[in-house]
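Have a look at query_36.tsv below; it lists TSV, C-alpha atoms.
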```
chain	number	residue	atom	x	y	z
X	32	MET	CA	-15.29	-39.85	-1.66
X	33	GLY	CA	-15.80	-42.26	-4.52
X	34	THR	CA	-18.30	-44.67	-6.01
X	35	LEU	CA	-18.13	-48.42	-5.62
X	36	THR	CA	-20.03	-50.83	-7.86
X	37	ILE	CA	-20.67	-54.30	-6.47
X	38	LEU	CA	-21.77	-57.03	-8.87
X	39	VAL	CA	-23.51	-59.95	-7.17
X	40	LEU	CA	-23.72	-63.13	-9.20
X	41	LYS	CA	-24.75	-65.72	-6.64
X	42	GLY	CA	-27.94	-66.09	-4.67
X	43	PRO	CA	-28.42	-65.79	-0.92
X	44	TYR	CA	-28.15	-68.53	1.70
X	45	SER	CA	-26.26	-71.14	-0.32
X	46	SER	CA	-23.19	-68.94	0.12
X	47	ARG	CA	-22.48	-65.89	2.22
X	48	HIS	CA	-21.55	-63.71	-0.70
X	49	SER	CA	-24.87	-61.86	-0.44
X	50	GLU	CA	-24.05	-61.05	3.17
X	51	PHE	CA	-20.55	-60.00	2.18
X	52	ALA	CA	-21.92	-57.71	-0.54
X	53	CYS	CA	-24.18	-56.04	2.02
X	54	GLU	CA	-21.37	-55.72	4.54
X	55	ILE	CA	-19.05	-54.11	2.03
X	56	ALA	CA	-21.82	-51.83	0.76
X	57	GLU	CA	-22.74	-50.76	4.29
X	58	GLU	CA	-19.16	-49.98	5.19
X	59	ALA	CA	-18.70	-48.03	1.97
X	60	LEU	CA	-21.82	-45.96	2.73
X	61	ASN	CA	-20.59	-45.42	6.30
X	62	LYS	CA	-17.43	-43.95	4.84
X	63	GLY	CA	-19.37	-41.60	2.56
X	64	HIS	CA	-18.91	-43.47	-0.72
X	65	GLY	CA	-21.65	-43.97	-3.28
X	66	VAL	CA	-22.71	-47.58	-3.81
X	67	ASN	CA	-24.19	-49.28	-6.87
X	68	MET	CA	-25.29	-52.89	-6.59
X	69	MET	CA	-25.97	-54.89	-9.71
X	70	PHE	CA	-27.58	-58.31	-9.40
X	71	TYR	CA	-27.03	-60.82	-12.19
X	72	MET	CA	-27.48	-64.59	-12.66
X	73	ASP	CA	-28.58	-66.06	-9.32
X	74	GLY	CA	-27.85	-62.73	-7.68
X	75	VAL	CA	-31.33	-61.63	-8.78
X	76	HIS	CA	-32.76	-63.79	-5.98
X	77	MET	CA	-31.34	-61.40	-3.44
X	78	PRO	CA	-34.01	-58.67	-3.50
X	79	LYS	CA	-36.91	-61.14	-3.48
X	80	LYS	CA	-39.73	-60.01	-1.18
X	81	GLY	CA	-40.91	-62.24	1.62
X	82	GLN	CA	-37.66	-63.97	2.52
X	83	ASP	CA	-37.97	-65.57	5.91
X	84	PRO	CA	-34.83	-67.52	6.73
X	85	ALA	CA	-35.33	-69.66	9.80
X	86	LEU	CA	-31.76	-69.61	11.01
X	87	PHE	CA	-29.67	-67.25	8.85
X	88	PRO	CA	-29.50	-63.45	8.64
X	89	ASN	CA	-32.12	-62.03	6.26
X	90	VAL	CA	-30.18	-60.52	3.35
X	91	SER	CA	-33.22	-58.87	1.77
X	92	GLU	CA	-33.70	-56.83	4.97
X	93	ALA	CA	-30.04	-55.85	4.91
X	94	LEU	CA	-30.44	-54.83	1.27
X	95	ALA	CA	-33.58	-52.81	2.06
X	96	ARG	CA	-31.62	-50.83	4.65
X	97	LEU	CA	-28.88	-50.14	2.11
X	98	ILE	CA	-31.40	-48.91	-0.45
X	99	GLU	CA	-32.90	-46.61	2.19
X	100	ARG	CA	-29.44	-45.19	2.74
X	101	GLY	CA	-29.02	-44.43	-0.95
X	102	ALA	CA	-27.51	-47.55	-2.52
X	103	ASP	CA	-28.63	-47.98	-6.13
X	104	ALA	CA	-29.79	-51.59	-6.50
X	105	ARG	CA	-30.61	-53.05	-9.92
X	106	CYS	CA	-31.38	-56.52	-11.27
X	107	CYS	CA	-30.80	-57.76	-14.78
X	108	VAL	CA	-34.17	-58.20	-16.46
X	109	ARG	CA	-33.09	-61.27	-18.44
X	110	ALA	CA	-31.91	-63.11	-15.33
X	111	ALA	CA	-34.94	-61.95	-13.37
X	112	LYS	CA	-37.30	-63.06	-16.12
X	113	ASP	CA	-35.52	-66.43	-16.41
X	114	ARG	CA	-36.29	-66.98	-12.75
X	115	GLY	CA	-39.88	-65.79	-12.91
X	116	TYR	CA	-39.54	-62.43	-11.22
X	117	VAL	CA	-40.63	-60.37	-14.20
X	118	LYS	CA	-43.72	-61.45	-16.03
X	119	GLY	CA	-43.65	-59.48	-19.25
X	120	GLY	CA	-44.49	-55.81	-19.46
X	121	MET	CA	-42.56	-53.01	-21.04
X	122	PRO	CA	-40.11	-50.81	-19.18
X	123	ASP	CA	-41.16	-47.32	-18.11
X	124	GLU	CA	-39.48	-44.17	-19.46
X	125	SER	CA	-36.55	-44.63	-17.14
X	126	GLY	CA	-35.95	-48.20	-18.37
X	127	VAL	CA	-37.32	-49.93	-15.26
X	128	PHE	CA	-39.35	-53.12	-15.77
X	129	PRO	CA	-42.39	-53.79	-13.59
X	130	THR	CA	-42.37	-56.46	-10.90
X	131	ASP	CA	-44.16	-56.99	-7.64
X	132	GLU	CA	-41.70	-59.66	-6.50
X	133	TYR	CA	-38.96	-57.44	-5.20
X	134	ILE	CA	-38.41	-55.26	-2.12
X	135	ASP	CA	-39.06	-51.54	-2.56
X	136	GLY	CA	-36.30	-49.71	-4.34
X	137	ALA	CA	-34.78	-52.72	-6.10
X	138	ARG	CA	-35.19	-51.99	-9.79
X	139	VAL	CA	-35.23	-54.31	-12.76
X	140	THR	CA	-33.29	-52.96	-15.71
X	141	THR	CA	-31.12	-54.37	-18.47
X	142	ILE	CA	-27.59	-55.65	-17.77
X	143	GLU	CA	-26.41	-52.91	-20.11
X	144	GLU	CA	-26.80	-50.60	-17.08
X	145	LEU	CA	-23.58	-52.19	-15.83
X	146	GLY	CA	-21.65	-50.35	-18.54
X	147	PRO	CA	-22.36	-46.85	-17.19
X	148	PHE	CA	-21.92	-48.14	-13.62
X	149	VAL	CA	-18.44	-49.36	-14.48
X	150	LYS	CA	-17.58	-46.20	-16.35
X	151	GLU	CA	-18.73	-43.90	-13.57
X	152	SER	CA	-17.38	-45.91	-10.64
X	153	ASP	CA	-14.04	-45.54	-9.03
X	154	LYS	CA	-13.93	-49.24	-8.24
X	155	VAL	CA	-15.83	-52.36	-9.30
X	156	ILE	CA	-15.86	-55.68	-7.46
X	157	ALA	CA	-17.77	-58.89	-8.12
X	158	LEU	CA	-18.92	-61.60	-5.76
X	159	ASN	CA	-19.44	-64.94	-7.37
X	160	VAL	CA	-16.93	-67.70	-7.04
D	105	MET	CA	-16.86	-78.95	-4.79
D	106	GLY	CA	-13.82	-79.64	-6.90
D	107	ASN	CA	-13.53	-76.14	-8.31
D	108	LYS	CA	-10.22	-74.40	-8.31
D	109	ILE	CA	-10.25	-71.37	-6.08
D	110	PHE	CA	-8.57	-68.98	-8.41
D	111	LYS	CA	-10.65	-69.32	-11.50
D	112	TYR	CA	-11.24	-66.20	-13.46
D	113	ASN	CA	-12.43	-65.54	-16.91
D	114	ALA	CA	-13.46	-61.94	-17.14
D	115	VAL	CA	-11.40	-58.86	-16.59
D	116	ILE	CA	-12.96	-55.48	-17.06
D	117	LYS	CA	-10.69	-52.52	-17.49
D	118	SER	CA	-11.58	-48.90	-16.96
D	119	ASN	CA	-11.47	-46.36	-19.71
D	120	GLY	CA	-8.02	-45.63	-20.99
D	121	LEU	CA	-4.82	-47.57	-20.90
D	122	ALA	CA	-3.12	-48.83	-17.77
D	123	ARG	CA	-1.33	-45.92	-16.20
D	124	GLN	CA	2.40	-45.68	-16.43
D	125	LEU	CA	3.61	-45.13	-12.91
D	126	GLY	CA	7.21	-44.08	-13.05
D	127	GLY	CA	9.09	-46.29	-15.47
D	128	ASN	CA	7.29	-49.46	-14.36
D	129	LYS	CA	3.58	-50.09	-14.87
D	130	LEU	CA	3.35	-52.02	-11.60
D	131	SER	CA	5.23	-49.74	-9.23
D	132	GLY	CA	2.85	-47.75	-7.09
D	133	VAL	CA	0.18	-50.44	-7.39
D	134	ASN	CA	-1.17	-52.08	-4.25
D	135	LEU	CA	-2.58	-55.54	-4.87
D	136	ILE	CA	-5.56	-56.46	-2.71
D	137	ALA	CA	-6.46	-60.14	-2.88
D	138	VAL	CA	-9.56	-61.39	-1.07
D	139	LEU	CA	-10.15	-65.07	-0.38
D	140	THR	CA	-13.59	-66.16	0.81
D	141	ARG	CA	-13.45	-69.86	-0.06
D	142	SER	CA	-11.70	-72.75	1.52
D	143	PRO	CA	-8.02	-72.87	0.57
D	144	PHE	CA	-7.99	-76.63	0.40
D	145	SER	CA	-9.47	-77.01	-3.05
D	146	ASN	CA	-6.47	-75.20	-4.41
D	147	LEU	CA	-4.72	-72.26	-2.87
D	148	ARG	CA	-1.72	-72.54	-5.13
D	149	PRO	CA	-2.82	-70.25	-8.01
D	150	PHE	CA	-3.83	-67.61	-5.46
D	151	THR	CA	-0.61	-67.71	-3.48
D	152	SER	CA	1.38	-68.09	-6.68
D	153	LEU	CA	-0.06	-64.86	-8.04
D	154	ALA	CA	0.49	-63.03	-4.75
D	155	SER	CA	4.02	-64.35	-4.49
D	156	LYS	CA	4.85	-63.48	-8.11
D	157	LEU	CA	3.65	-59.95	-7.72
D	158	ALA	CA	5.05	-59.35	-4.23
D	159	GLY	CA	8.31	-58.05	-5.56
D	160	GLN	CA	6.80	-56.04	-8.38
D	161	VAL	CA	4.04	-54.03	-6.77
D	162	SER	CA	4.22	-51.60	-3.87
D	163	SER	CA	2.41	-53.95	-1.52
D	164	VAL	CA	0.31	-57.10	-1.42
D	165	LYS	CA	-2.38	-57.64	1.13
D	166	ILE	CA	-4.47	-60.79	1.43
D	167	TYR	CA	-7.75	-60.78	3.28
D	168	LEU	CA	-9.20	-64.03	4.56
D	169	PHE	CA	-12.95	-63.90	5.00
D	170	TYR	CA	-15.51	-66.64	5.64
D	171	ASP	CA	-14.05	-70.02	4.68
D	172	GLY	CA	-10.87	-68.27	3.60
D	173	VAL	CA	-9.95	-68.06	7.31
D	174	LEU	CA	-9.18	-71.80	7.23
D	175	ALA	CA	-5.89	-70.85	5.57
D	176	ALA	CA	-4.78	-69.24	8.83
D	177	LYS	CA	-5.16	-72.31	11.00
D	178	LYS	CA	-1.88	-73.40	12.54
D	179	GLY	CA	-1.00	-76.91	11.45
D	180	ALA	CA	-2.99	-76.83	8.22
D	181	SER	CA	-1.26	-78.08	5.08
D	182	VAL	CA	-1.15	-74.52	3.68
D	183	GLU	CA	0.61	-73.10	6.75
D	184	ALA	CA	4.01	-73.07	5.09
D	185	GLU	CA	2.67	-71.16	2.07
D	186	VAL	CA	0.96	-68.60	4.25
D	187	ARG	CA	4.07	-68.13	6.40
D	188	GLU	CA	6.22	-67.77	3.30
D	189	LEU	CA	3.96	-65.02	2.05
D	190	THR	CA	4.18	-63.10	5.32
D	191	GLN	CA	7.95	-63.49	5.29
D	192	LYS	CA	7.98	-61.97	1.80
D	193	GLY	CA	6.24	-58.92	3.17
D	194	VAL	CA	2.68	-59.82	2.21
D	195	THR	CA	0.17	-58.64	4.82
D	196	VAL	CA	-2.35	-61.36	5.65
D	197	ILE	CA	-5.47	-60.21	7.48
D	198	VAL	CA	-7.90	-62.70	8.97
D	199	ASP	CA	-11.47	-62.06	10.03
D	200	GLY	CA	-11.08	-62.86	13.75
D	201	ARG	CA	-14.77	-63.45	14.40
D	202	GLU	CA	-15.09	-65.97	11.55
D	203	PHE	CA	-11.88	-67.70	12.71
D	204	ARG	CA	-13.14	-68.07	16.28
D	205	ALA	CA	-16.61	-69.05	15.09
D	206	ARG	CA	-15.05	-72.09	13.45
D	207	GLY	CA	-13.15	-73.11	16.58
D	208	LEU	CA	-9.88	-73.23	14.71
D	209	GLY	CA	-7.49	-72.98	17.64
D	210	PRO	CA	-4.16	-71.18	17.24
D	211	MET	CA	-3.46	-69.02	14.24
D	212	VAL	CA	-0.43	-69.16	11.97
D	213	GLU	CA	2.27	-66.70	13.11
D	214	GLY	CA	2.58	-63.52	11.18
D	215	VAL	CA	-1.08	-63.08	10.22
D	216	LYS	CA	-3.12	-60.21	11.61
D	217	ALA	CA	-6.57	-60.88	13.09
D	218	LEU	CA	-9.17	-58.12	12.98
D	219	ASP	CA	-12.74	-58.33	14.23
D	220	HIS	CA	-14.08	-55.91	11.65
D	221	PRO	CA	-11.70	-56.22	8.70
D	222	VAL	CA	-14.30	-55.04	6.20
D	223	SER	CA	-13.59	-51.46	7.27
D	224	GLU	CA	-9.94	-51.71	6.27
D	225	LEU	CA	-10.95	-53.70	3.18
D	226	VAL	CA	-13.22	-50.92	1.94
D	227	ASP	CA	-10.49	-48.34	2.50
D	228	ASP	CA	-8.13	-50.54	0.50
D	229	ILE	CA	-10.63	-51.17	-2.27
D	230	MET	CA	-11.34	-47.46	-2.68
D	231	GLU	CA	-7.70	-46.41	-2.56
D	232	GLU	CA	-6.77	-45.14	-6.01
D	233	ASN	CA	-3.72	-47.31	-6.60
D	234	SER	CA	-5.19	-50.56	-5.40
D	235	ARG	CA	-6.10	-53.50	-7.66
D	236	VAL	CA	-8.60	-55.91	-6.13
D	237	ILE	CA	-9.03	-59.58	-6.94
D	238	LEU	CA	-11.82	-61.29	-5.03
D	239	VAL	CA	-12.41	-65.06	-5.10
U	98	MET	CA	-16.10	-72.36	-15.76
U	99	ALA	CA	-16.67	-74.61	-18.73
U	100	PRO	CA	-19.60	-73.64	-20.94
U	101	TYR	CA	-22.99	-75.36	-20.99
U	102	GLY	CA	-22.73	-77.23	-17.68
U	103	ARG	CA	-23.56	-74.00	-15.79
U	104	GLU	CA	-24.72	-70.55	-16.87
U	105	ASP	CA	-21.59	-68.84	-15.56
U	106	SER	CA	-19.60	-69.04	-18.78
U	107	PHE	CA	-22.27	-67.66	-21.09
U	108	ASN	CA	-23.52	-64.99	-18.71
U	109	GLY	CA	-20.01	-64.19	-17.58
U	110	LEU	CA	-18.99	-63.53	-21.18
U	111	TYR	CA	-21.99	-61.28	-21.67
U	112	LEU	CA	-20.53	-58.78	-19.21
U	113	PRO	CA	-17.49	-57.87	-21.31
U	114	VAL	CA	-19.82	-57.40	-24.29
U	115	VAL	CA	-21.65	-54.79	-22.20
U	116	THR	CA	-18.48	-52.96	-21.23
U	117	VAL	CA	-16.99	-53.04	-24.71
U	118	VAL	CA	-20.20	-51.55	-26.12
U	119	GLU	CA	-19.84	-48.82	-23.49
U	120	GLN	CA	-16.34	-48.23	-24.88
U	121	ILE	CA	-14.62	-49.33	-21.72
U	122	GLU	CA	-11.26	-50.90	-22.42
U	123	THR	CA	-11.96	-54.57	-21.79
U	124	ALA	CA	-9.92	-57.71	-21.59
U	125	VAL	CA	-11.18	-61.23	-20.99
U	126	LEU	CA	-8.87	-63.77	-19.42
U	127	LEU	CA	-9.94	-67.38	-19.90
U	128	ILE	CA	-8.37	-69.74	-17.46
U	129	GLU	CA	-8.84	-73.36	-16.46
U	130	ASP	CA	-12.15	-74.65	-17.83
U	131	GLY	CA	-12.94	-71.18	-19.10
U	132	VAL	CA	-10.70	-71.82	-22.10
U	133	PHE	CA	-13.36	-74.14	-23.53
U	134	SER	CA	-15.60	-71.10	-24.03
U	135	ALA	CA	-13.44	-69.99	-26.93
U	136	LEU	CA	-13.45	-73.19	-28.99
U	137	LYS	CA	-14.55	-72.30	-32.49
U	138	GLU	CA	-16.35	-75.47	-33.58
U	139	GLN	CA	-19.13	-75.29	-30.99
U	140	ARG	CA	-22.61	-76.50	-31.95
U	141	SER	CA	-24.47	-75.46	-28.87
U	142	LYS	CA	-27.69	-74.80	-30.75
U	143	ASP	CA	-27.97	-78.60	-31.10
U	144	ILE	CA	-28.59	-78.71	-27.34
U	145	GLY	CA	-30.77	-75.62	-27.32
U	146	TYR	CA	-28.27	-73.17	-25.86
U	147	PRO	CA	-26.78	-69.94	-27.18
U	148	SER	CA	-23.12	-70.14	-28.00
U	149	THR	CA	-20.21	-68.82	-25.94
U	150	SER	CA	-18.07	-68.76	-29.07
U	151	GLU	CA	-20.41	-66.14	-30.56
U	152	LEU	CA	-19.92	-63.99	-27.49
U	153	VAL	CA	-16.14	-64.36	-27.71
U	154	SER	CA	-16.27	-63.38	-31.38
U	155	SER	CA	-18.47	-60.39	-30.55
U	156	ILE	CA	-16.07	-59.19	-27.88
U	157	LEU	CA	-13.18	-59.36	-30.33
U	158	THR	CA	-15.15	-57.72	-33.14
U	159	LEU	CA	-16.20	-54.88	-30.88
U	160	GLY	CA	-12.60	-54.16	-29.90
U	161	GLY	CA	-12.13	-56.14	-26.71
U	162	ARG	CA	-9.23	-58.47	-26.13
U	163	VAL	CA	-9.53	-62.14	-25.26
U	164	TYR	CA	-6.69	-64.11	-23.75
U	165	ALA	CA	-6.49	-67.80	-22.93
U	166	ASP	CA	-4.10	-69.17	-20.34
U	167	ALA	CA	-1.63	-71.37	-22.23
U	168	LYS	CA	-1.13	-73.81	-19.36
U	169	SER	CA	-4.89	-74.31	-18.93
U	170	CYS	CA	-5.15	-75.04	-22.66
U	171	LYS	CA	-2.29	-77.53	-22.60
U	172	VAL	CA	-3.70	-79.46	-19.66
U	173	ARG	CA	-7.04	-79.69	-21.42
U	174	GLY	CA	-5.68	-80.63	-24.84
U	175	VAL	CA	-6.84	-77.38	-26.41
U	176	GLU	CA	-4.64	-76.29	-29.31
U	177	LYS	CA	-4.34	-72.69	-30.46
U	178	GLY	CA	-5.83	-73.67	-33.82
U	179	GLU	CA	-9.02	-74.82	-32.10
U	180	LEU	CA	-9.64	-71.41	-30.60
U	181	ILE	CA	-11.48	-68.54	-32.23
U	182	GLU	CA	-9.12	-66.40	-34.25
U	183	GLY	CA	-7.96	-63.42	-32.28
U	184	VAL	CA	-7.82	-65.22	-28.94
U	185	GLU	CA	-4.26	-64.86	-27.69
U	186	LEU	CA	-2.49	-67.50	-25.64
U	187	VAL	CA	-0.69	-66.04	-22.64
U	188	SER	CA	1.72	-67.28	-20.01
U	189	GLU	CA	0.94	-67.21	-16.31
U	190	GLU	CA	3.18	-64.17	-15.92
U	191	ARG	CA	1.41	-62.27	-18.64
U	192	ALA	CA	-1.94	-63.28	-17.17
U	193	ALA	CA	-0.89	-61.86	-13.81
U	194	GLN	CA	0.13	-58.64	-15.50
U	195	ILE	CA	-3.21	-58.35	-17.29
U	196	LEU	CA	-4.98	-58.75	-13.97
U	197	ILE	CA	-2.89	-56.22	-12.15
U	198	GLU	CA	-3.28	-53.61	-14.88
U	199	ALA	CA	-7.06	-53.76	-14.73
U	200	LYS	CA	-8.78	-51.08	-12.72
U	201	GLY	CA	-11.61	-53.51	-12.01
U	202	THR	CA	-11.67	-57.28	-12.13
U	203	ILE	CA	-14.76	-59.42	-12.33
U	204	VAL	CA	-14.17	-63.08	-11.57
U	205	VAL	CA	-16.81	-65.46	-12.91
```
Here is the file; what I need is its structure written in the form of structure tokens.
Amino acid sequence: MGTLTILVLKGPYSSRHSEFACEIAEEALNKGHGVNMMFYMDGVHMPKKGQDPALFPNVSEALARLIERGADARCCVRAAKDRGYVKGGMPDESGVFPTDEYIDGARVTTIEELGPFVKESDKVIALNV
Amino acid sequence: MGNKIFKYNAVIKSNGLARQLGGNKLSGVNLIAVLTRSPFSNLRPFTSLASKLAGQVSSVKIYLFYDGVLAAKKGASVEAEVRELTQKGVTVIVDGREFRARGLGPMVEGVKALDHPVSELVDDIMEENSRVILV
Amino acid sequence: MAPYGREDSFNGLYLPVVTVVEQIETAVLLIEDGVFSALKEQRSKDIGYPSTSELVSSILTLGGRVYADAKSCKVRGVEKGELIEGVELVSEERAAQILIEAKGTIVV
């Protein structure tokens, strides 16, 4: 079994790419693959706590289930900070920045984490356009 | 929206050079193209790429998800392009649930409707010789 | 995407910087409005934005390759001489080959 990295560049609800990312990730986990999810640009909205869509599927809940199943979910600190999800503070020893805005298990790190993800993955896909 | 569908400006390669597969870099490669947006802004670059590569790679498969399923509607202006691709041996897979959800009526001949195409998609993505382009 | 109207161009070009630094063989393909990202005479600081041309230069300096689709340039009136040195103009066929050779493709 391999490792799939999914890069999500667009936010939830305005397009269904967040849903698609979760669907692909879930299927990959079902098949025994490892899954990394990297959120960048508006993708960093996806793990926001407290989402309560009136009519659409809740992508943060779908993401929470994926994290529980072992998906590694990270957000770019610069994009997260731009959007007000990280309010200063230094990273801990593992390079994770503090935030209380995100669902449990979604970590804020630098986009440079994408490099090792790409190197270690068998396949990389991006959802954006 | 006015954006072209097939707009790309970043390509990330893995470590090492492209593998030589036999005497031809492209033989043995399976191209997986995924379309999630409406084909009516501009399908041409997408189909042009698939068509160009159809004879050079081992196989080409196009998945139509979300608004991409509009390309499979019989009678749409892109029908001829889609049929031409299937006649060239390109496999076109449509998300059946998304197609029916949109009330699109009959489907173009030659395309394959699946109700859970993401399963096959993940198998294709993870297959060693596949190359995936997702728009 | 063209630079400065949306964040996609700048942030999209940041990704290949990350992979090149990680010593992953990296190629950037600029197509359609993306070709504007590689114009050398940009003065984006005048509007308070960091420059995409600096990112393109960084990618090249660090060992990545940057290609611009020739047809996209022609349609937009972009001449080779206006692009950062080291950016290579490619045909549609060559662009398709670059895509197919890549183990992973990120479309921005």
Could you check which residues have any atom within 10 Å of (-38.7, -54.4, -2.4), counting all atoms listed in the file with coordinates taken straight from the file, and then list them as a ChimeraX atom specification? /X:78-81,91-92,94-95,98,130-138
Near chain D, which residues of chain U fall within 10 Å when you count all atoms listed in the file, and what do they look like as a compact mmCIF listing (two decimals) with C-alpha atoms, keeping the file's coordinate frame?
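Result written to selection-v5.txt:
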```txt
# COMPACT_ATOMS: atom_id res chain seq x y z
CA MET U 98 -16.10 -72.36 -15.76
CA ASP U 105 -21.59 -68.84 -15.56
CA SER U 106 -19.60 -69.04 -18.78
CA GLY U 109 -20.01 -64.19 -17.58
CA LEU U 110 -18.99 -63.53 -21.18
CA TYR U 111 -21.99 -61.28 -21.67
CA LEU U 112 -20.53 -58.78 -19.21
CA PRO U 113 -17.49 -57.87 -21.31
CA THR U 116 -18.48 -52.96 -21.23
CA VAL U 117 -16.99 -53.04 -24.71
CA GLU U 119 -19.84 -48.82 -23.49
CA GLN U 120 -16.34 -48.23 -24.88
CA ILE U 121 -14.62 -49.33 -21.72
CA GLU U 122 -11.26 -50.90 -22.42
CA THR U 123 -11.96 -54.57 -21.79
CA ALA U 124 -9.92 -57.71 -21.59
CA VAL U 125 -11.18 -61.23 -20.99
CA LEU U 126 -8.87 -63.77 -19.42
CA LEU U 127 -9.94 -67.38 -19.90
CA ILE U 128 -8.37 -69.74 -17.46
CA GLU U 129 -8.84 -73.36 -16.46
CA ASP U 130 -12.15 -74.65 -17.83
CA GLY U 131 -12.94 -71.18 -19.10
CA VAL U 132 -10.70 -71.82 -22.10
CA SER U 134 -15.60 -71.10 -24.03
CA GLY U 161 -12.13 -56.14 -26.71
CA ARG U 162 -9.23 -58.47 -26.13
CA VAL U 163 -9.53 -62.14 -25.26
CA TYR U 164 -6.69 -64.11 -23.75
CA ALA U 165 -6.49 -67.80 -22.93
CA ASP U 166 -4.10 -69.17 -20.34
CA GLU U 189 0.94 -67.21 -16.31
CA GLU U 190 3.18 -64.17 -15.92
CA ALA U 192 -1.94 -63.28 -17.17
CA ALA U 193 -0.89 -61.86 -13.81
CA GLN U 194 0.13 -58.64 -15.50
CA ILE U 195 -3.21 -58.35 -17.29
CA LEU U 196 -4.98 -58.75 -13.97
CA ILE U 197 -2.89 -56.22 -12.15
CA GLU U 198 -3.28 -53.61 -14.88
CA ALA U 199 -7.06 -53.76 -14.73
CA LYS U 200 -8.78 -51.08 -12.72
CA GLY U 201 -11.61 -53.51 -12.01
CA THR U 202 -11.67 -57.28 -12.13
CA ILE U 203 -14.76 -59.42 -12.33
CA VAL U 204 -14.17 -63.08 -11.57
CA VAL U 205 -16.81 -65.46 -12.91
```
Could the residues of chain X within 9 Å of chain U, counting only C-alpha atoms, be given as a VMD selection string, please? chain X and resid 38 40 71 to 72 142 to 147 149 to 150 153 to 160
For atom CA of Ile55 of chain X and atom CA of Ala99 of chain U, the interatomic separation in Å (one decimal): 29.3 Å
Quick one, how far is atom CA of Arg141 of chain D from atom CA of Ser46 of chain X?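 Atom CA of Arg141 of chain D sits 9.8 Å away from atom CA of Ser46 of chain X.
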For segment 76-86 of chain X, what centre and edge lengths in Å (one decimal) does the axis-aligned box get once 5 Å is added on each side of all its listed atoms, as JSON?
```
{"center_x": -36.1, "center_y": -64.2, "center_z": 2.5, "size_x": 19.6, "size_y": 21.0, "size_z": 27.0}
```
With distances taken over only C-alpha atoms, which residue among X:Ala111, X:Ala59, X:Ala52, X:Ile37 lies nearest Asp73 of chain X?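 Nearest candidate to Asp73 of chain X out of X:Ala111, X:Ala59, X:Ala52, X:Ile37: X:Ala111.
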Would you list the contacts of Glu213 of chain D as a VMD selection string, taking every protein, DNA or RNA residue within 9 Å and counting only C-alpha atoms, but skipping same-chain residues closer than 3 positions in sequence? chain D and resid 176 178 187 190 210 216
Compare D:Met230, D:Leu225, D:Leu174, D:Ala158 by their minimum atom-to-atom distance to Val138 of chain D, counting all atoms listed in the file, and give me the closest one.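 Among D:Met230, D:Leu225, D:Leu174, D:Ala158, it is D:Leu225 that comes nearest to Val138 of chain D.
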Counting all atoms listed in the file, find the residues whose atoms lie at most 8 Å from (-13.3, -59.5, 16.2) (file coordinates) and write them out as an mmCIF file with C-alpha atoms, in the frame of the given file.
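Result written to point_9.cif:
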```cif
data_model
loop_
_atom_site.group_PDB
_atom_site.id
_atom_site.type_symbol
_atom_site.label_atom_id
_atom_site.label_comp_id
_atom_site.auth_asym_id
_atom_site.auth_seq_id
_atom_site.Cartn_x
_atom_site.Cartn_y
_atom_site.Cartn_z
ATOM 1 C CA ASP D 199 -11.470 -62.060 10.030
ATOM 2 C CA GLY D 200 -11.080 -62.860 13.750
ATOM 3 C CA ARG D 201 -14.770 -63.450 14.400
ATOM 4 C CA ALA D 217 -6.570 -60.880 13.090
ATOM 5 C CA LEU D 218 -9.170 -58.120 12.980
ATOM 6 C CA ASP D 219 -12.740 -58.330 14.230
ATOM 7 C CA HIS D 220 -14.080 -55.910 11.650
#
```
Can you measure atom CA of Ser162 of chain D to atom CA of Val187 of chain U for me? One decimal in Å is fine.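 Going from atom CA of Ser162 of chain D over to atom CA of Val187 of chain U, I get 24.2 Å.
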Taking into account only C-alpha atoms, which residue in the set D:Gly179, D:Tyr170, D:Ser131, D:Gln160 is nearest to chain X?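 Under the stated criterion, the closest residue is D:Tyr170.
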Using all atoms listed in the file, can you tell me which of D:Thr195, D:Val182, D:Arg206, D:Gly159 comes closest to Ala137 of chain D?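 Ranked by minimum distance to Ala137 of chain D, first place goes to D:Thr195.
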Can you work out which one of X:Asn67, X:Asn61, X:Asn89, X:Ser45 has the shortest atom-to-atom distance to chain D, counting all atoms listed in the file?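 Comparing X:Asn67, X:Asn61, X:Asn89, X:Ser45 against chain D, the winner is X:Asn61.
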Restricting to only C-alpha atoms, whichever of U:Phe107, U:Leu186, U:Lys171, U:Glu176 is closest to Lys137 of chain U is U:Glu176
Write out as a PyMOL selection string the residues lying within 6 Å of segment 145-152 of chain U, counting only C-alpha atoms and excluding same-chain residues fewer than 2 positions away. chain U and resi 107+134-135+141-143+154-155
Would you list the contacts of Val186 of chain D as a PyMOL selection string, taking every protein, DNA or RNA residue within 12 Å and counting only C-alpha atoms, but skipping same-chain residues closer than 3 positions in sequence? chain D and resi 143+147-148+150-152+154-155+165-168+172-183+189-198+211-216
Quick test: take segment 105-118 of chain X, keep C-alpha atoms, and write it as a compact mmCIF listing (two decimals), in the first residue's frame.
```txt
# COMPACT_ATOMS: atom_id res chain seq x y z
CA ARG X 105 -1.79 20.18 8.20
CA CYS X 106 -2.45 23.84 7.43
CA CYS X 107 0.07 26.37 6.19
CA VAL X 108 0.74 28.83 9.01
CA ARG X 109 1.13 31.81 6.67
CA ALA X 110 -2.24 31.21 5.02
CA ALA X 111 -3.86 30.45 8.37
CA LYS X 112 -2.41 33.59 9.92
CA ASP X 113 -3.52 35.69 6.91
CA ARG X 114 -7.05 34.54 7.60
CA GLY X 115 -6.91 35.04 11.36
CA TYR X 116 -6.68 31.44 12.50
CA VAL X 117 -3.29 31.78 14.15
CA LYS X 118 -2.74 34.70 16.43
```
